file protein17.txt (compact mmCIF, C-alpha atoms)
# COMPACT_ATOMS: atom_id res chain seq x y z
CA MET A 23 18.65 207.66 78.77
CA ILE A 24 16.35 210.46 77.64
CA GLU A 25 17.77 213.87 78.59
CA THR A 26 15.74 217.06 78.65
CA ASP A 27 15.23 220.28 80.62
CA ILE A 28 11.84 219.49 82.18
CA ILE A 29 10.37 216.05 82.73
CA ILE A 30 6.60 216.49 82.78
CA ILE A 31 4.69 213.70 84.48
CA GLY A 32 1.22 213.58 82.98
CA ALA A 33 0.22 214.52 79.43
CA GLY A 34 -3.14 216.06 80.30
CA PRO A 35 -4.03 219.63 79.32
CA CYS A 36 -1.85 221.16 82.03
CA GLY A 37 1.20 219.02 81.18
CA LEU A 38 0.78 219.74 77.48
CA PHE A 39 0.52 223.50 77.97
CA THR A 40 3.66 223.43 80.11
CA VAL A 41 5.54 222.47 76.95
CA PHE A 42 4.33 225.67 75.31
CA GLU A 43 5.27 227.99 78.16
CA ALA A 44 8.60 226.22 78.64
CA GLY A 45 9.18 226.45 74.90
CA LEU A 46 8.87 230.22 75.00
CA LEU A 47 11.81 230.18 77.41
CA LYS A 48 13.69 227.74 75.15
CA LEU A 49 13.33 224.92 77.66
CA LYS A 50 12.89 221.44 76.23
CA CYS A 51 10.29 219.09 77.66
CA HIS A 52 9.59 215.38 77.76
CA LEU A 53 6.18 214.07 78.82
CA ILE A 54 5.52 210.74 80.52
CA ASP A 55 1.99 209.33 80.76
CA SER A 56 0.59 205.96 81.76
CA LEU A 57 -2.09 206.19 79.08
CA PRO A 58 -1.17 205.29 75.50
CA ILE A 59 -2.48 208.64 74.22
CA PRO A 60 -1.98 212.25 75.34
CA GLY A 61 -4.86 214.16 76.94
CA GLY A 62 -5.25 212.62 80.39
CA GLN A 63 -8.78 212.75 81.77
CA CYS A 64 -9.92 214.77 78.74
CA ALA A 65 -8.99 211.85 76.52
CA GLU A 66 -9.74 208.95 78.86
CA ILE A 67 -12.85 210.03 80.77
CA TYR A 68 -14.70 212.66 78.78
CA PRO A 69 -13.37 213.31 75.22
CA LYS A 70 -16.86 214.05 73.90
CA LYS A 71 -17.91 216.40 76.70
CA PRO A 72 -17.99 220.13 75.99
CA ILE A 73 -16.02 222.45 78.29
CA TYR A 74 -17.25 226.02 78.69
CA ASP A 75 -14.64 227.75 80.85
CA ILE A 76 -11.57 227.84 78.63
CA PRO A 77 -10.95 231.54 77.90
CA GLY A 78 -11.58 232.33 74.26
CA TYR A 79 -13.57 229.16 73.65
CA PRO A 80 -17.30 229.58 74.34
CA GLU A 81 -17.48 225.80 74.01
CA VAL A 82 -14.85 223.18 73.20
CA LEU A 83 -14.96 219.39 73.33
CA ALA A 84 -12.37 217.97 75.73
CA GLY A 85 -10.93 215.88 72.90
CA ASP A 86 -10.66 218.92 70.64
CA LEU A 87 -8.94 220.90 73.38
CA VAL A 88 -6.30 218.16 73.57
CA ASP A 89 -5.89 218.17 69.77
CA ASN A 90 -5.46 221.95 69.81
CA LEU A 91 -2.92 221.81 72.64
CA MET A 92 -0.96 219.19 70.71
CA LYS A 93 -0.95 221.51 67.72
CA GLN A 94 0.05 224.47 69.88
CA ILE A 95 3.09 222.68 71.34
CA GLU A 96 4.19 221.02 68.10
CA PRO A 97 6.73 223.78 67.25
CA PHE A 98 8.57 222.97 70.50
CA ASN A 99 8.89 219.31 69.56
CA PRO A 100 8.38 217.65 72.97
CA GLY A 101 9.34 214.05 73.64
CA PHE A 102 6.79 211.50 74.82
CA THR A 103 6.97 208.31 76.84
CA LEU A 104 3.39 207.06 76.59
CA GLY A 105 1.84 203.93 78.05
CA GLU A 106 4.33 203.94 80.91
CA ALA A 107 3.54 205.00 84.46
CA VAL A 108 6.29 206.71 86.43
CA GLU A 109 7.82 204.64 89.19
CA GLY A 110 10.90 206.02 90.88
CA VAL A 111 12.79 209.28 91.07
CA GLU A 112 16.46 209.54 92.00
CA LYS A 113 18.27 212.76 92.79
CA GLN A 114 21.72 212.88 91.20
CA GLU A 115 24.85 214.51 92.60
CA ASP A 116 24.69 217.24 89.96
CA GLY A 117 21.22 218.16 91.26
CA SER A 118 19.33 216.60 88.38
CA PHE A 119 16.71 213.86 88.63
CA ILE A 120 16.38 210.48 86.95
CA VAL A 121 12.76 209.41 86.60
CA THR A 122 12.12 205.78 85.70
CA SER A 123 8.86 204.65 84.15
CA SER A 124 7.21 201.24 84.12
CA GLY A 125 8.72 200.14 80.80
CA GLY A 126 12.17 200.69 82.30
CA THR A 127 12.68 203.96 80.38
CA LYS A 128 15.00 206.40 82.17
CA HIS A 129 14.59 210.17 81.88
CA LYS A 130 17.08 212.76 83.16
CA ALA A 131 16.43 216.46 83.75
CA PRO A 132 17.21 219.20 86.27
CA VAL A 133 13.49 219.90 86.71
CA VAL A 134 10.52 217.59 87.26
CA ALA A 135 6.98 218.96 86.85
CA ILE A 136 4.26 216.70 88.20
CA ALA A 137 1.08 217.42 86.25
CA ALA A 138 -0.48 214.07 87.01
CA GLY A 139 -4.05 215.23 87.62
CA LEU A 140 -5.85 212.67 89.73
CA GLY A 141 -2.97 210.26 89.36
CA VAL A 142 -2.33 207.18 87.31
CA PHE A 143 -5.21 205.32 85.70
CA THR A 144 -5.29 201.76 86.96
CA PRO A 145 -7.92 199.02 86.67
CA ARG A 146 -10.76 199.21 89.20
CA LYS A 147 -10.42 196.43 91.73
CA PRO A 148 -13.55 194.96 93.27
CA PRO A 149 -13.53 195.42 97.05
CA ILE A 150 -13.61 191.70 97.82
CA GLU A 151 -11.73 190.92 101.00
CA ASN A 152 -9.36 188.19 99.81
CA ILE A 153 -8.91 189.50 96.26
CA THR A 154 -5.22 190.28 96.73
CA ASP A 155 -4.59 186.63 97.68
CA PHE A 156 -5.42 185.63 94.12
CA GLU A 157 -3.87 188.46 92.12
CA ASP A 158 -1.67 186.83 89.47
CA LYS A 159 -2.95 183.49 90.85
CA GLY A 160 -6.15 183.48 88.89
CA ILE A 161 -7.16 187.14 88.87
CA ASP A 162 -6.01 189.40 86.06
CA TYR A 163 -7.22 192.99 85.66
CA ILE A 164 -5.44 193.43 82.35
CA ILE A 165 -5.10 190.72 79.72
CA LYS A 166 -1.62 190.54 78.33
CA ASP A 167 -1.31 186.96 77.09
CA PRO A 168 -4.65 185.36 76.15
CA GLU A 169 -2.89 182.01 75.49
CA LYS A 170 -2.67 181.41 79.25
CA PHE A 171 -6.44 180.90 79.27
CA ARG A 172 -6.31 177.99 76.80
CA GLY A 173 -8.21 175.00 78.18
CA LYS A 174 -9.12 176.89 81.37
CA ASN A 175 -12.38 177.84 83.03
CA VAL A 176 -12.63 181.60 82.77
CA VAL A 177 -15.12 183.94 84.44
CA ILE A 178 -15.32 187.51 83.12
CA SER A 179 -17.10 190.39 84.86
CA GLY A 180 -18.14 193.70 83.32
CA GLY A 181 -20.54 195.21 80.82
CA GLY A 182 -18.27 197.22 78.56
CA ASP A 183 -16.37 196.48 75.39
CA SER A 184 -13.37 194.80 76.97
CA ALA A 185 -15.57 192.31 78.87
CA LEU A 186 -17.60 191.59 75.73
CA ASP A 187 -14.63 191.35 73.36
CA TRP A 188 -12.60 189.06 75.59
CA SER A 189 -15.65 186.85 76.19
CA VAL A 190 -16.07 186.44 72.43
CA PHE A 191 -12.37 185.86 71.86
CA LEU A 192 -11.95 183.29 74.62
CA ALA A 193 -15.20 181.47 73.77
CA ASN A 194 -13.91 180.71 70.28
CA ASP A 195 -11.95 177.54 71.06
CA VAL A 196 -9.53 179.12 73.49
CA ALA A 197 -10.88 178.64 77.01
CA LYS A 198 -12.54 175.44 78.24
CA SER A 199 -15.48 177.50 79.47
CA VAL A 200 -16.35 181.19 79.51
CA SER A 201 -18.86 182.71 81.92
CA LEU A 202 -19.77 186.37 81.55
CA VAL A 203 -21.20 187.92 84.70
CA HIS A 204 -22.94 191.29 84.53
CA ARG A 205 -25.16 193.20 86.94
CA ARG A 206 -27.99 193.83 84.45
CA SER A 207 -29.25 192.38 81.19
CA SER A 208 -28.23 195.29 78.97
CA PHE A 209 -24.61 196.00 78.04
CA ARG A 210 -23.04 199.36 77.30
CA GLY A 211 -20.55 197.92 74.81
CA HIS A 212 -20.69 198.17 71.04
CA PRO A 213 -23.96 196.68 69.68
CA ASP A 214 -22.01 194.33 67.35
CA SER A 215 -20.11 192.89 70.30
CA VAL A 216 -23.33 192.51 72.29
CA ASP A 217 -24.90 190.58 69.37
CA LYS A 218 -21.88 188.27 69.16
CA VAL A 219 -22.04 187.54 72.89
CA MET A 220 -25.77 186.85 72.69
CA SER A 221 -25.39 184.40 69.81
CA LEU A 222 -22.47 182.62 71.48
CA ALA A 223 -24.61 182.37 74.61
CA LYS A 224 -27.38 180.78 72.55
CA GLU A 225 -24.91 178.26 71.13
CA GLY A 226 -23.86 177.41 74.67
CA LYS A 227 -20.33 178.73 74.18
CA ILE A 228 -20.72 181.56 76.68
CA ASN A 229 -22.41 180.99 80.00
CA LEU A 230 -24.15 184.35 80.30
CA ILE A 231 -25.08 185.23 83.88
CA THR A 232 -26.84 188.59 84.11
CA ASP A 233 -28.48 190.34 87.07
CA ALA A 234 -25.59 188.95 89.02
CA GLU A 235 -22.27 189.89 90.57
CA VAL A 236 -19.18 188.02 91.72
CA LYS A 237 -19.09 188.39 95.50
CA SER A 238 -16.62 185.83 96.79
CA LEU A 239 -13.50 183.94 95.76
CA GLU A 240 -12.34 180.47 96.68
CA GLY A 241 -9.12 178.58 96.17
CA GLY A 242 -5.88 177.45 97.74
CA ASP A 243 -2.62 178.36 96.02
CA SER A 244 -4.67 179.64 93.13
CA LEU A 245 -8.27 180.47 92.33
CA THR A 246 -10.65 177.51 91.91
CA SER A 247 -14.13 179.04 91.97
CA VAL A 248 -16.06 182.26 92.29
CA GLY A 249 -19.27 182.82 94.26
CA ILE A 250 -21.87 184.75 92.31
CA LYS A 251 -24.89 186.43 93.83
CA HIS A 252 -27.87 186.34 91.48
CA LYS A 253 -30.74 188.75 92.05
CA THR A 254 -33.43 186.07 92.00
CA GLU A 255 -31.61 182.73 92.16
CA GLY A 256 -29.34 183.50 95.11
CA GLU A 257 -25.80 182.16 95.33
CA ILE A 258 -24.24 180.40 92.36
CA LYS A 259 -20.79 178.81 92.49
CA VAL A 260 -18.86 178.66 89.22
CA ASP A 261 -15.58 176.81 88.67
CA ALA A 262 -12.94 179.33 87.71
CA ASP A 263 -9.24 178.96 87.03
CA TYR A 264 -9.33 182.64 86.15
CA TRP A 265 -11.52 185.60 87.00
CA LEU A 266 -11.13 188.71 84.88
CA PRO A 267 -12.84 191.71 86.54
CA LEU A 268 -12.99 194.25 83.68
CA PHE A 269 -14.52 197.34 85.30
CA GLY A 270 -12.59 200.08 83.54
CA LEU A 271 -9.92 202.40 84.89
CA SER A 272 -9.81 204.83 87.78
CA PRO A 273 -7.07 207.21 88.87
CA SER A 274 -4.97 207.04 92.04
CA LEU A 275 -1.80 208.82 93.17
CA GLY A 276 0.40 205.73 92.73
CA PRO A 277 4.17 205.65 93.34
CA ILE A 278 4.40 209.48 93.44
CA ALA A 279 2.97 209.21 96.96
CA GLU A 280 6.30 207.63 98.00
CA TRP A 281 8.55 210.34 96.60
CA GLY A 282 8.95 212.21 99.88
CA LEU A 283 6.66 215.06 98.84
CA ASN A 284 4.34 216.73 101.32
CA ILE A 285 0.91 215.31 100.57
CA SER A 286 -2.45 216.31 101.93
CA LYS A 287 -5.67 214.54 100.92
CA ASN A 288 -4.16 212.85 97.86
CA SER A 289 -2.76 216.16 96.61
CA ILE A 290 0.77 217.57 96.62
CA GLU A 291 1.32 220.69 98.73
CA VAL A 292 2.97 223.55 96.86
CA ASP A 293 4.16 227.12 97.34
CA THR A 294 1.97 229.39 95.23
CA PHE A 295 4.97 231.56 94.33
CA ASP A 296 6.03 229.03 91.71
CA TYR A 297 4.17 225.80 92.56
CA SER A 298 7.33 224.24 93.95
CA THR A 299 7.04 221.26 96.25
CA ASN A 300 9.09 220.66 99.40
CA VAL A 301 11.71 218.96 97.19
CA PRO A 302 13.72 221.64 95.33
CA GLY A 303 13.52 221.04 91.57
CA ILE A 304 10.21 219.18 91.75
CA PHE A 305 7.09 221.19 90.97
CA ALA A 306 3.43 220.16 91.02
CA ILE A 307 0.84 221.85 88.82
CA GLY A 308 -2.80 221.33 87.89
CA ASP A 309 -5.28 219.09 89.65
CA ILE A 310 -2.59 217.17 91.54
CA ASN A 311 -1.51 220.10 93.73
CA THR A 312 -3.15 221.83 96.63
CA TYR A 313 -2.78 225.21 98.30
CA PRO A 314 -5.13 227.58 100.12
CA GLY A 315 -7.85 228.57 97.67
CA LYS A 316 -7.02 225.85 95.14
CA LEU A 317 -9.58 225.22 92.40
CA LYS A 318 -9.25 222.18 90.20
CA LEU A 319 -9.76 223.86 86.86
CA ILE A 320 -7.87 223.43 83.59
CA LEU A 321 -7.69 227.22 83.50
CA CYS A 322 -5.85 227.34 86.84
CA GLY A 323 -3.48 224.59 85.72
CA PHE A 324 -2.46 226.70 82.72
CA HIS A 325 -1.68 229.63 85.00
CA GLU A 326 0.31 227.44 87.37
CA ALA A 327 2.33 225.99 84.47
CA THR A 328 3.16 229.48 83.22
CA LEU A 329 4.54 230.68 86.55
CA MET A 330 6.28 227.39 87.26
CA VAL A 331 8.48 227.51 84.14
CA GLN A 332 9.95 230.84 85.28
CA SER A 333 11.52 229.09 88.26
CA ALA A 334 12.38 226.07 86.14
CA PHE A 335 14.42 228.38 83.88
CA LYS A 336 16.48 229.59 86.84
CA ILE A 337 17.26 225.98 87.78
CA VAL A 338 18.19 224.95 84.23
CA TYR A 339 20.20 228.15 83.54
CA PRO A 340 21.32 229.52 86.91
CA ASP A 341 23.66 232.05 85.26
CA LYS A 342 21.38 233.34 82.52
CA LYS A 343 19.12 236.30 82.87
CA LEU A 344 15.51 235.64 81.92
CA SER A 345 13.74 238.24 79.84
CA PHE A 346 10.02 237.91 79.48
CA LYS A 347 8.55 238.48 76.04
CA TYR A 348 4.99 238.44 74.75
CA THR A 349 4.19 235.99 71.94
CA THR A 350 3.05 238.96 69.86
CA VAL A 351 6.44 240.69 69.69
CA LEU A 352 8.76 238.26 67.91
CA GLY A 353 6.69 237.51 64.85
CA GLY A 354 4.97 234.50 66.33
CA ILE A 355 6.23 231.26 67.80
CA ASP A 356 9.03 230.98 65.22
CA GLY A 357 10.70 233.94 66.88
CA PHE A 358 10.99 232.00 70.15
CA GLN A 359 12.55 228.94 68.63
CA GLU A 360 16.05 229.81 67.49
CA MET B 26 -36.02 228.28 104.15
CA SER B 27 -34.61 226.47 101.19
CA ASP B 28 -32.48 223.92 103.04
CA ILE B 29 -33.45 220.29 103.45
CA LYS B 30 -32.19 217.78 105.98
CA ILE B 31 -30.56 214.64 104.70
CA LYS B 32 -28.78 211.74 106.40
CA VAL B 33 -25.61 210.21 105.04
CA ILE B 34 -24.31 206.97 106.56
CA ASP B 35 -20.55 206.69 105.99
CA ARG B 36 -18.55 203.51 105.42
CA GLU B 37 -17.95 203.13 109.15
CA GLY B 38 -21.69 203.17 109.78
CA VAL B 39 -21.71 206.67 111.29
CA THR B 40 -24.76 208.75 110.42
CA HIS B 41 -24.17 212.38 109.46
CA ASP B 42 -27.04 214.88 109.51
CA LEU B 43 -26.50 217.39 106.74
CA ASP B 44 -28.28 220.56 105.68
CA ALA B 45 -28.48 220.79 101.93
CA PRO B 46 -29.54 223.89 100.01
CA THR B 47 -32.12 223.27 97.30
CA ASP B 48 -31.65 226.54 95.46
CA MET B 49 -28.10 225.95 94.19
CA ASN B 50 -28.64 222.96 91.90
CA MET B 51 -26.33 220.99 94.17
CA ASN B 52 -26.07 217.23 93.94
CA LEU B 53 -25.55 214.75 96.73
CA MET B 54 -21.88 214.21 95.86
CA GLU B 55 -21.21 217.95 96.18
CA VAL B 56 -23.08 218.15 99.48
CA CYS B 57 -21.02 215.24 100.85
CA LYS B 58 -17.80 216.90 99.71
CA ALA B 59 -18.85 220.21 101.25
CA TYR B 60 -19.17 218.39 104.58
CA GLU B 61 -15.81 216.68 103.96
CA LEU B 62 -17.32 213.23 103.90
CA PRO B 63 -15.12 210.65 102.13
CA VAL B 64 -16.65 210.94 98.66
CA LYS B 65 -14.09 211.48 95.93
CA GLY B 66 -16.24 212.77 93.08
CA THR B 67 -13.33 212.11 90.75
CA CYS B 68 -15.01 213.17 87.52
CA GLY B 69 -16.54 216.27 89.05
CA GLY B 70 -20.14 215.14 88.67
CA MET B 71 -20.42 213.96 85.07
CA ALA B 72 -21.54 210.41 85.94
CA MET B 73 -18.22 209.20 84.65
CA CYS B 74 -16.38 207.66 87.57
CA ALA B 75 -18.74 205.96 90.06
CA SER B 76 -16.74 207.22 93.05
CA CYS B 77 -19.96 208.68 94.53
CA HIS B 78 -21.86 205.36 94.40
CA CYS B 79 -24.37 205.21 97.26
CA TYR B 80 -27.51 203.35 98.34
CA VAL B 81 -30.79 205.19 98.85
CA GLU B 82 -32.17 203.85 102.13
CA SER B 83 -35.28 205.98 102.52
CA ASP B 84 -38.50 205.65 100.50
CA HIS B 85 -38.03 208.83 98.49
CA GLU B 86 -38.98 208.61 94.85
CA LEU B 87 -35.98 209.76 92.91
CA GLN B 88 -35.79 210.67 89.28
CA GLU B 89 -35.04 207.52 87.31
CA ALA B 90 -31.37 206.89 86.54
CA SER B 91 -30.31 207.94 83.05
CA GLU B 92 -28.65 205.50 80.66
CA ASP B 93 -25.32 207.26 81.37
CA GLU B 94 -25.76 206.69 85.08
CA GLU B 95 -26.66 203.01 84.56
CA ASP B 96 -23.63 202.57 82.28
CA MET B 97 -21.39 204.03 84.95
CA LEU B 98 -22.93 201.87 87.67
CA ASP B 99 -21.71 198.94 85.54
CA GLN B 100 -18.23 199.95 86.63
CA ALA B 101 -19.12 200.16 90.30
CA PHE B 102 -19.18 197.24 92.71
CA PHE B 103 -21.86 195.73 94.92
CA VAL B 104 -24.55 197.48 92.94
CA GLU B 105 -28.05 196.99 94.32
CA ASP B 106 -31.52 198.00 93.19
CA ASN B 107 -31.24 201.12 95.35
CA SER B 108 -27.81 202.08 93.99
CA ARG B 109 -27.35 205.58 92.63
CA LEU B 110 -24.53 207.91 91.75
CA GLY B 111 -24.62 210.75 94.25
CA CYS B 112 -23.73 213.27 91.55
CA GLN B 113 -26.97 212.50 89.73
CA VAL B 114 -29.19 213.06 92.79
CA PHE B 115 -30.07 216.74 92.87
CA MET B 116 -31.18 218.44 96.06
CA LYS B 117 -34.86 219.34 95.85
CA PRO B 118 -37.45 220.16 98.53
CA GLU B 119 -39.17 216.77 98.06
CA LEU B 120 -35.96 215.01 99.11
CA ASN B 121 -36.21 216.36 102.66
CA GLY B 122 -35.37 213.48 105.01
CA LEU B 123 -33.44 211.53 102.34
CA THR B 124 -31.19 208.84 103.80
CA VAL B 125 -28.29 207.39 101.83
CA ARG B 126 -25.43 205.05 102.64
CA LEU B 127 -22.04 205.41 100.95
CA ALA B 128 -20.98 202.32 98.99
CA GLU B 129 -17.63 200.64 99.56
CA GLU B 130 -14.78 202.32 97.75
CA SER B 131 -12.87 200.36 95.16
CA GLU B 132 -9.14 200.84 94.82
call {"tool": "encode", "arguments": {"input": "protein17.txt", "output": "structure tokens"}}
result
Amino acid sequence: MIETDIIIIGAGPCGLFTVFEAGLLKLKCHLIDSLPIPGGQCAEIYPKKPIYDIPGYPEVLAGDLVDNLMKQIEPFNPGFTLGEAVEGVEKQEDGSFIVTSSGGTKHKAPVVAIAAGLGVFTPRKPPIENITDFEDKGIDYIIKDPEKFRGKNVVISGGGDSALDWSVFLANDVAKSVSLVHRRSSFRGHPDSVDKVMSLAKEGKINLITDAEVKSLEGGDSLTSVGIKHKTEGEIKVDADYWLPLFGLSPSLGPIAEWGLNISKNSIEVDTFDYSTNVPGIFAIGDINTYPGKLKLILCGFHEATLMVQSAFKIVYPDKKLSFKYTTVLGGIDGFQE
Amino acid sequence: MSDIKIKVIDREGVTHDLDAPTDMNMNLMEVCKAYELPVKGTCGGMAMCASCHCYVESDHELQEASEDEEDMLDQAFFVEDNSRLGCQVFMKPELNGLTVRLAEESE
């Protein structure tokens, strides 16, 4: 069991900065994020995009902002559970919470701060009507054990690196057949991977079907074939023991939606006094919360985090008096640490 | 008058008549959100999420899709020749009468 003062759900910019503001009040933090790296959207969606509205930075790349935040919070030595999405929360008799994440890791703290942005990044699922019938029965969105595809007919969809790389891997004497289906003839993946796919297609090891899209699924207990719509040739049916739709990741609220919090339009309602939710001890900050006048800006998330930790302090130390100090008065961050 | 009229057909097939300003550099995703139509616009308009995927149903000549937009459409579903990302369609006077249909959402 990991024990800390504040469990922060989401290691995006807002979650990371919470560690800093909490650290100034000598509160310890532990961050949980479903992604394997810190940074949230800044790292996953747009690391190379410049941001222009961070005070003091006329321009900063999203990835650099994350690096700087990591450096800024380093003195406060936060804990991380990365690559695990949060699942459940349990309120304990002593008022604290136990938050469990997908790897089975348990975290205990008197305060939970949800800084989960747009939610947890999960694979995009094609909106095909009977797709859920075949999940884990021929449809995998994430490849965990490539050995299961040995000797099988595999259809892969997508135009990015994961679709290309798995096509190459499985076409090299693993699967019985590999078909790669993509909506256009150019791929956005790494040029090396594209070349490999093209040469394997020439050798007949990859059945490359471009200008096409998987539209229907057939099978009984498990998947047996996919129906592909080709732009010029019409419907094509391809035998498939497995279909791997590899269309990248998109965020959704996930299990947090079931935590008994007041939710409106995929966002958590909070009191702007301290960004507390309707559950005492659970706060929501950054893009995931909503209140009258809310703007989804990193800048606003930083502000919300700063006010939130004041109330968090009173929960962690109900008998202590909080004195606010500027970072300039104690000889820098070192002065806040002992 | 700098507003144009556009039609957005939602996923239930209902047509919404919207007034869109052309002097604010607004894109179609933002216009839809302003009217509270069910368009997420997850990435905020950077052509990085495909949640504003739509089909252009009128004959308007739009600016050709950038490579970034095409790359992102790779991660959308049921992409057709008239598919666009709403966030990359900017409101201009020549788009008066534009008709678009929202694509199915993926979850």
call {"tool": "residues_around", "arguments": {"input": "protein17.txt", "residues": "region 248-254 of chain A", "least_positions_apart": "5", "cutoff": "9 Å", "atoms": "only C-alpha atoms", "output": "CSV table (one decimal) with C-alpha atoms, in the coordinates of the input"}}
result
chain,number,residue,atom,x,y,z
A,177,VAL,CA,-15.1,183.9,84.4
A,203,VAL,CA,-21.2,187.9,84.7
A,205,ARG,CA,-25.2,193.2,86.9
A,231,ILE,CA,-25.1,185.2,83.9
A,232,THR,CA,-26.8,188.6,84.1
A,233,ASP,CA,-28.5,190.3,87.1
A,234,ALA,CA,-25.6,189.0,89.0
A,235,GLU,CA,-22.3,189.9,90.6
A,236,VAL,CA,-19.2,188.0,91.7
A,237,LYS,CA,-19.1,188.4,95.5
A,238,SER,CA,-16.6,185.8,96.8
A,239,LEU,CA,-13.5,183.9,95.8
A,240,GLU,CA,-12.3,180.5,96.7
A,241,GLY,CA,-9.1,178.6,96.2
A,259,LYS,CA,-20.8,178.8,92.5
A,260,VAL,CA,-18.9,178.7,89.2
A,261,ASP,CA,-15.6,176.8,88.7
A,262,ALA,CA,-12.9,179.3,87.7
A,265,TRP,CA,-11.5,185.6,87.0
B,105,GLU,CA,-28.0,197.0,94.3
call {"tool": "closest_residue", "arguments": {"input": "protein17.txt", "among": "A:Gln63, A:Asn152, A:Ser215, A:Ser118", "to": "chain B", "atoms": "all atoms listed in the file"}}
result
A:Gln63
call {"tool": "residues_around", "arguments": {"input": "protein17.txt", "residues": "Thr294 (chain A)", "least_positions_apart": "5", "cutoff": "9 Å", "atoms": "only C-alpha atoms", "output": "ChimeraX atom specification"}}
result
/A:313-314,326
call {"tool": "interface_residues", "arguments": {"input": "protein17.txt", "of": "chain A", "to": "chain B", "cutoff": "10 Å", "atoms": "all atoms listed in the file", "output": "PyMOL selection string"}}
result
chain A and resi 63+67-68+71+140+144-150+179-182+204-206+208-211+233-237+251+253+267-274+318
call {"tool": "atom_distance", "arguments": {"input": "protein17.txt", "atom1": "CA of Lys166 (chain A)", "atom2": "CA of Ile29 (chain A)"}}
result
28.5 Å
call {"tool": "residues_around", "arguments": {"input": "protein17.txt", "residues": "region 45-56 of chain B", "least_positions_apart": "6", "cutoff": "12 Å", "atoms": "all atoms listed in the file", "output": "ChimeraX atom specification"}}
result
/B:26-33,62-72,74-81,109-127
call {"tool": "atom_distance", "arguments": {"input": "protein17.txt", "atom1": "CA of Asp27 (chain A)", "atom2": "CA of Lys347 (chain A)"}}
result
19.9 Å
call {"tool": "atom_distance", "arguments": {"input": "protein17.txt", "atom1": "CA of Ile278 (chain A)", "atom2": "CA of Glu96 (chain A)"}}
result
27.8 Å
call {"tool": "residues_around", "arguments": {"input": "protein17.txt", "residues": "Val88 (chain A)", "least_positions_apart": "2", "cutoff": "12 Å", "atoms": "all atoms listed in the file", "output": "PDB file with C-alpha atoms, in the coordinates of the input"}}
result
ATOM      1  CA  ALA A  33       0.220 214.520  79.430  1.00  0.00           C
ATOM      2  CA  GLY A  34      -3.140 216.060  80.300  1.00  0.00           C
ATOM      3  CA  PRO A  35      -4.030 219.630  79.320  1.00  0.00           C
ATOM      4  CA  CYS A  36      -1.850 221.160  82.030  1.00  0.00           C
ATOM      5  CA  GLY A  37       1.200 219.020  81.180  1.00  0.00           C
ATOM      6  CA  LEU A  38       0.780 219.740  77.480  1.00  0.00           C
ATOM      7  CA  PHE A  39       0.520 223.500  77.970  1.00  0.00           C
ATOM      8  CA  ILE A  59      -2.480 208.640  74.220  1.00  0.00           C
ATOM      9  CA  PRO A  60      -1.980 212.250  75.340  1.00  0.00           C
ATOM     10  CA  GLY A  61      -4.860 214.160  76.940  1.00  0.00           C
ATOM     11  CA  GLY A  62      -5.250 212.620  80.390  1.00  0.00           C
ATOM     12  CA  GLN A  63      -8.780 212.750  81.770  1.00  0.00           C
ATOM     13  CA  CYS A  64      -9.920 214.770  78.740  1.00  0.00           C
ATOM     14  CA  ALA A  65      -8.990 211.850  76.520  1.00  0.00           C
ATOM     15  CA  GLU A  66      -9.740 208.950  78.860  1.00  0.00           C
ATOM     16  CA  TYR A  68     -14.700 212.660  78.780  1.00  0.00           C
ATOM     17  CA  PRO A  69     -13.370 213.310  75.220  1.00  0.00           C
ATOM     18  CA  LYS A  70     -16.860 214.050  73.900  1.00  0.00           C
ATOM     19  CA  ILE A  73     -16.020 222.450  78.290  1.00  0.00           C
ATOM     20  CA  VAL A  82     -14.850 223.180  73.200  1.00  0.00           C
ATOM     21  CA  LEU A  83     -14.960 219.390  73.330  1.00  0.00           C
ATOM     22  CA  ALA A  84     -12.370 217.970  75.730  1.00  0.00           C
ATOM     23  CA  GLY A  85     -10.930 215.880  72.900  1.00  0.00           C
ATOM     24  CA  ASP A  86     -10.660 218.920  70.640  1.00  0.00           C
ATOM     25  CA  ASN A  90      -5.460 221.950  69.810  1.00  0.00           C
ATOM     26  CA  LEU A  91      -2.920 221.810  72.640  1.00  0.00           C
ATOM     27  CA  MET A  92      -0.960 219.190  70.710  1.00  0.00           C
ATOM     28  CA  LYS A  93      -0.950 221.510  67.720  1.00  0.00           C
ATOM     29  CA  GLN A  94       0.050 224.470  69.880  1.00  0.00           C
ATOM     30  CA  ILE A  95       3.090 222.680  71.340  1.00  0.00           C
ATOM     31  CA  ILE A 320      -7.870 223.430  83.590  1.00  0.00           C
TER      32      ILE A 320
END
call {"tool": "axis_aligned_box", "arguments": {"input": "protein17.txt", "around": "region 65-74 of chain A", "padding_each_side": "5 Å", "output": "JSON"}}
result
{"center_x": -13.5, "center_y": 217.5, "center_z": 77.3, "size_x": 19.0, "size_y": 27.1, "size_z": 16.9}
call {"tool": "residues_around", "arguments": {"input": "protein17.txt", "residues": "Asp162 (chain A)", "least_positions_apart": "3", "cutoff": "8 Å", "atoms": "all atoms listed in the file", "output": "list in words"}}
result
Glu157, Asp158, Ile165, Tyr264, Trp265, Leu266 and Pro267 of chain A
call {"tool": "write_last_selection", "arguments": {"input": "protein17.txt", "atoms": "C-alpha atoms", "output": "CSV table (one decimal), keeping the file's coordinate frame"}}
result
chain,number,residue,atom,x,y,z
A,157,GLU,CA,-3.9,188.5,92.1
A,158,ASP,CA,-1.7,186.8,89.5
A,165,ILE,CA,-5.1,190.7,79.7
A,264,TYR,CA,-9.3,182.6,86.2
A,265,TRP,CA,-11.5,185.6,87.0
A,266,LEU,CA,-11.1,188.7,84.9
A,267,PRO,CA,-12.8,191.7,86.5
